>>> print(open('input04.pdb').read())   # PDB, C-alpha atoms
MODEL        1
ATOM      1  CA  MET A 489       0.000   0.000   0.000  1.00  0.00           C
ATOM      2  CA  ALA A 490       1.281   3.462  -0.849  1.00  0.00           C
ATOM      3  CA  GLU A 491       2.485   5.847   1.823  1.00  0.00           C
ATOM      4  CA  ALA A 492      -0.239   8.317   0.835  1.00  0.00           C
ATOM      5  CA  ASP A 493      -2.869   5.617   1.387  1.00  0.00           C
ATOM      6  CA  ASP A 494      -1.424   4.957   4.836  1.00  0.00           C
ATOM      7  CA  ARG A 495      -1.697   8.660   5.674  1.00  0.00           C
ATOM      8  CA  ILE A 496      -5.298   8.764   4.471  1.00  0.00           C
ATOM      9  CA  LEU A 497      -6.185   5.667   6.507  1.00  0.00           C
ATOM     10  CA  HIS A 498      -4.476   7.137   9.572  1.00  0.00           C
ATOM     11  CA  ARG A 499      -6.511  10.339   9.179  1.00  0.00           C
ATOM     12  CA  ILE A 500      -9.710   8.307   8.759  1.00  0.00           C
ATOM     13  CA  THR A 501      -8.924   6.412  11.968  1.00  0.00           C
ATOM     14  CA  GLU A 502      -8.296   9.651  13.873  1.00  0.00           C
ATOM     15  CA  MET A 503     -11.507  11.261  12.647  1.00  0.00           C
ATOM     16  CA  ALA A 504     -13.589   8.131  13.275  1.00  0.00           C
ATOM     17  CA  HIS A 505     -12.268   8.016  16.842  1.00  0.00           C
ATOM     18  CA  GLU A 506     -13.111  11.687  17.370  1.00  0.00           C
ATOM     19  CA  GLU A 507     -16.559  11.134  15.852  1.00  0.00           C
ATOM     20  CA  ARG A 508     -17.261   8.224  18.228  1.00  0.00           C
ATOM     21  CA  GLU A 509     -16.119  10.239  21.242  1.00  0.00           C
ATOM     22  CA  LEU A 510     -18.256  13.198  20.220  1.00  0.00           C
ATOM     23  CA  ARG A 511     -21.319  11.013  19.583  1.00  0.00           C
ATOM     24  CA  ASP A 512     -20.846   9.334  22.974  1.00  0.00           C
ATOM     25  CA  ALA A 513     -20.528  12.708  24.700  1.00  0.00           C
ATOM     26  CA  LEU A 514     -23.622  14.020  22.922  1.00  0.00           C
ATOM     27  CA  SER A 515     -25.725  10.967  23.777  1.00  0.00           C
ATOM     28  CA  ALA A 516     -24.555  11.064  27.414  1.00  0.00           C
ATOM     29  CA  GLY A 517     -25.446  14.741  27.655  1.00  0.00           C
ATOM     30  CA  ARG A 518     -21.892  15.795  28.508  1.00  0.00           C
ATOM     31  CA  VAL A 519     -21.953  18.202  25.556  1.00  0.00           C
ATOM     32  CA  GLY A 520     -24.770  19.371  23.392  1.00  0.00           C
ATOM     33  CA  GLY A 521     -24.157  22.778  22.004  1.00  0.00           C
ATOM     34  CA  ASP A 522     -24.406  23.950  18.436  1.00  0.00           C
ATOM     35  CA  GLU A 523     -20.622  23.907  18.195  1.00  0.00           C
ATOM     36  CA  GLU A 524     -20.473  20.160  18.905  1.00  0.00           C
ATOM     37  CA  HIS A 525     -23.232  19.385  16.403  1.00  0.00           C
ATOM     38  CA  SER A 526     -21.468  21.519  13.824  1.00  0.00           C
ATOM     39  CA  ARG A 527     -18.168  19.724  14.495  1.00  0.00           C
ATOM     40  CA  LEU A 528     -19.903  16.366  14.084  1.00  0.00           C
ATOM     41  CA  GLY A 529     -21.256  17.441  10.704  1.00  0.00           C
ATOM     42  CA  ARG A 530     -17.812  18.590   9.575  1.00  0.00           C
ATOM     43  CA  LEU A 531     -16.288  15.285  10.702  1.00  0.00           C
ATOM     44  CA  GLU A 532     -18.894  13.305   8.763  1.00  0.00           C
ATOM     45  CA  ARG A 533     -18.217  15.296   5.594  1.00  0.00           C
ATOM     46  CA  GLU A 534     -14.434  15.047   5.962  1.00  0.00           C
ATOM     47  CA  LEU A 535     -14.676  11.302   6.554  1.00  0.00           C
ATOM     48  CA  ASP A 536     -16.777  10.913   3.413  1.00  0.00           C
ATOM     49  CA  GLN A 537     -14.178  12.872   1.452  1.00  0.00           C
ATOM     50  CA  CYS A 538     -11.293  10.776   2.801  1.00  0.00           C
ATOM     51  CA  TRP A 539     -13.058   7.502   1.982  1.00  0.00           C
ATOM     52  CA  ASP A 540     -13.850   8.813  -1.498  1.00  0.00           C
ATOM     53  CA  LEU A 541     -10.216   9.803  -2.064  1.00  0.00           C
ATOM     54  CA  LEU A 542      -9.024   6.388  -0.912  1.00  0.00           C
ATOM     55  CA  ARG A 543     -11.509   4.649  -3.253  1.00  0.00           C
ATOM     56  CA  GLN A 544     -10.323   6.831  -6.140  1.00  0.00           C
ATOM     57  CA  ARG A 545      -6.684   5.986  -5.423  1.00  0.00           C
ATOM     58  CA  ARG A 546      -7.388   2.262  -5.216  1.00  0.00           C
ATOM     59  CA  ALA A 547      -9.401   2.307  -8.442  1.00  0.00           C
ATOM     60  CA  ARG A 548      -6.600   4.137 -10.239  1.00  0.00           C
ATOM     61  CA  MET A 549      -4.049   1.600  -9.005  1.00  0.00           C
ATOM     62  CA  GLU A 550      -6.290  -1.285 -10.067  1.00  0.00           C
ATOM     63  CA  PHE A 551      -6.521   0.064 -13.604  1.00  0.00           C
ATOM     64  CA  GLY A 552      -2.849   0.983 -13.976  1.00  0.00           C
ATOM     65  CA  GLN A 553      -3.295   4.708 -13.509  1.00  0.00           C
ATOM     66  CA  ASN A 554      -1.349   6.995 -11.206  1.00  0.00           C
ATOM     67  CA  PRO A 555      -3.098   7.063  -7.814  1.00  0.00           C
ATOM     68  CA  ASP A 556      -1.499  10.436  -7.087  1.00  0.00           C
ATOM     69  CA  ASP A 557      -3.772  11.956  -9.736  1.00  0.00           C
ATOM     70  CA  ALA A 558      -6.792  11.326  -7.478  1.00  0.00           C
ATOM     71  CA  GLN A 559      -8.168  14.524  -5.994  1.00  0.00           C
ATOM     72  CA  VAL A 560     -10.325  15.387  -3.018  1.00  0.00           C
ATOM     73  CA  ARG A 561     -13.820  16.106  -4.256  1.00  0.00           C
ATOM     74  CA  SER A 562     -16.038  18.691  -2.631  1.00  0.00           C
ATOM     75  CA  ALA A 563     -18.248  17.637   0.254  1.00  0.00           C
ATOM     76  CA  SER A 564     -21.337  18.525  -1.772  1.00  0.00           C
ATOM     77  CA  VAL A 565     -20.300  16.128  -4.543  1.00  0.00           C
ATOM     78  CA  VAL A 566     -19.324  13.286  -2.221  1.00  0.00           C
ATOM     79  CA  GLU A 567     -22.401  13.475   0.004  1.00  0.00           C
ATOM     80  CA  HIS A 568     -24.711  12.933  -2.972  1.00  0.00           C
ATOM     81  CA  TYR A 569     -23.140   9.595  -3.912  1.00  0.00           C
ATOM     82  CA  GLN A 570     -25.232   6.482  -3.493  1.00  0.00           C
ATOM     83  CA  SER A 571     -23.590   3.584  -1.674  1.00  0.00           C
TER      84      SER A 571
ENDMDL
END
>>> encode(input="input04.pdb", output="structure tokens")
Amino acid sequence: MAEADDRILHRITEMAHEERELRDALSAGRVGGDEEHSRLGRLERELDQCWDLLRQRRARMEFGQNPDDAQVRSASVVEHYQS
């Protein structure tokens, strides 16, 4: 696996951990302000973008293309994808 893929996966792991902690804190009532809800939304969008970038890189590698040509797509584009 490419070093860039490792960095992307590391970032995904960090954000997923933060997302879980924030969701736990919200559900336990330890936090609950607009700022926390906004942060959760940003995390979800950034995670979607990271997963999309990783999928692009892997697809490019599979088809003999340069994975470094993959680019982060906007959150609005990525969030409208169907799984």
>>> atom_distance(input="input04.pdb", atom1="CA of Arg546 (chain A)", atom2="CA of His498 (chain A)")
15.8 Å
>>> atom_distance(input="input04.pdb", atom1="CA of Asp493 (chain A)", atom2="CA of His505 (chain A)")
18.2 Å
>>> atom_distance(input="input04.pdb", atom1="CA of Ala490 (chain A)", atom2="CA of Asn554 (chain A)")
11.3 Å
>>> residues_near_point(input="input04.pdb", point="(-3.8, 2.4, 2.7)", cutoff="12 Å", atoms="all atoms listed in the file", output="PDB file with C-alpha atoms, in the frame of the given file")
ATOM      1  CA  MET A 489       0.000   0.000   0.000  1.00  0.00           C
ATOM      2  CA  ALA A 490       1.281   3.462  -0.849  1.00  0.00           C
ATOM      3  CA  GLU A 491       2.485   5.847   1.823  1.00  0.00           C
ATOM      4  CA  ALA A 492      -0.239   8.317   0.835  1.00  0.00           C
ATOM      5  CA  ASP A 493      -2.869   5.617   1.387  1.00  0.00           C
ATOM      6  CA  ASP A 494      -1.424   4.957   4.836  1.00  0.00           C
ATOM      7  CA  ARG A 495      -1.697   8.660   5.674  1.00  0.00           C
ATOM      8  CA  ILE A 496      -5.298   8.764   4.471  1.00  0.00           C
ATOM      9  CA  LEU A 497      -6.185   5.667   6.507  1.00  0.00           C
ATOM     10  CA  HIS A 498      -4.476   7.137   9.572  1.00  0.00           C
ATOM     11  CA  ARG A 499      -6.511  10.339   9.179  1.00  0.00           C
ATOM     12  CA  ILE A 500      -9.710   8.307   8.759  1.00  0.00           C
ATOM     13  CA  THR A 501      -8.924   6.412  11.968  1.00  0.00           C
ATOM     14  CA  CYS A 538     -11.293  10.776   2.801  1.00  0.00           C
ATOM     15  CA  TRP A 539     -13.058   7.502   1.982  1.00  0.00           C
ATOM     16  CA  LEU A 541     -10.216   9.803  -2.064  1.00  0.00           C
ATOM     17  CA  LEU A 542      -9.024   6.388  -0.912  1.00  0.00           C
ATOM     18  CA  ARG A 543     -11.509   4.649  -3.253  1.00  0.00           C
ATOM     19  CA  GLN A 544     -10.323   6.831  -6.140  1.00  0.00           C
ATOM     20  CA  ARG A 545      -6.684   5.986  -5.423  1.00  0.00           C
ATOM     21  CA  ARG A 546      -7.388   2.262  -5.216  1.00  0.00           C
ATOM     22  CA  MET A 549      -4.049   1.600  -9.005  1.00  0.00           C
ATOM     23  CA  PRO A 555      -3.098   7.063  -7.814  1.00  0.00           C
TER      24      PRO A 555
END
>>> residues_around(input="input04.pdb", residues="region 562-571 of chain A", least_positions_apart="2", cutoff="10 Å", atoms="only C-alpha atoms", output="number ranges by chain")
A: 530, 532-541, 559-560
>>> write_last_selection(input="input04.pdb", atoms="C-alpha atoms", output="JSON list (two decimals), in the frame of the given file")
[["chain", "number", "residue", "atom", "x", "y", "z"],
["A", 530, "ARG", "CA", -17.81, 18.59, 9.57],
["A", 532, "GLU", "CA", -18.89, 13.30, 8.76],
["A", 533, "ARG", "CA", -18.22, 15.30, 5.59],
["A", 534, "GLU", "CA", -14.43, 15.05, 5.96],
["A", 535, "LEU", "CA", -14.68, 11.30, 6.55],
["A", 536, "ASP", "CA", -16.78, 10.91, 3.41],
["A", 537, "GLN", "CA", -14.18, 12.87, 1.45],
["A", 538, "CYS", "CA", -11.29, 10.78, 2.80],
["A", 539, "TRP", "CA", -13.06, 7.50, 1.98],
["A", 540, "ASP", "CA", -13.85, 8.81, -1.50],
["A", 541, "LEU", "CA", -10.22, 9.80, -2.06],
["A", 559, "GLN", "CA", -8.17, 14.52, -5.99],
["A", 560, "VAL", "CA", -10.32, 15.39, -3.02]]
>>> resolve_selection(input="input04.pdb", expression="the PyMOL selection byres ((chain A and resi 510) around 12)", output="list of chain:residue names")
A:Met503, A:Ala504, A:His505, A:Glu506, A:Glu507, A:Arg508, A:Glu509, A:Arg511, A:Asp512, A:Ala513, A:Leu514, A:Ser515, A:Ala516, A:Gly517, A:Arg518, A:Val519, A:Gly520, A:Gly521, A:Glu523, A:Glu524, A:His525, A:Ser526, A:Arg527, A:Leu528, A:Gly529, A:Arg530, A:Leu531, A:Glu532
>>> write_last_selection(input="input04.pdb", atoms="C-alpha atoms", output="CSV table (one decimal), in the coordinates of the input")
chain,number,residue,atom,x,y,z
A,503,MET,CA,-11.5,11.3,12.6
A,504,ALA,CA,-13.6,8.1,13.3
A,505,HIS,CA,-12.3,8.0,16.8
A,506,GLU,CA,-13.1,11.7,17.4
A,507,GLU,CA,-16.6,11.1,15.9
A,508,ARG,CA,-17.3,8.2,18.2
A,509,GLU,CA,-16.1,10.2,21.2
A,511,ARG,CA,-21.3,11.0,19.6
A,512,ASP,CA,-20.8,9.3,23.0
A,513,ALA,CA,-20.5,12.7,24.7
A,514,LEU,CA,-23.6,14.0,22.9
A,515,SER,CA,-25.7,11.0,23.8
A,516,ALA,CA,-24.6,11.1,27.4
A,517,GLY,CA,-25.4,14.7,27.7
A,518,ARG,CA,-21.9,15.8,28.5
A,519,VAL,CA,-22.0,18.2,25.6
A,520,GLY,CA,-24.8,19.4,23.4
A,521,GLY,CA,-24.2,22.8,22.0
A,523,GLU,CA,-20.6,23.9,18.2
A,524,GLU,CA,-20.5,20.2,18.9
A,525,HIS,CA,-23.2,19.4,16.4
A,526,SER,CA,-21.5,21.5,13.8
A,527,ARG,CA,-18.2,19.7,14.5
A,528,LEU,CA,-19.9,16.4,14.1
A,529,GLY,CA,-21.3,17.4,10.7
A,530,ARG,CA,-17.8,18.6,9.6
A,531,LEU,CA,-16.3,15.3,10.7
A,532,GLU,CA,-18.9,13.3,8.8
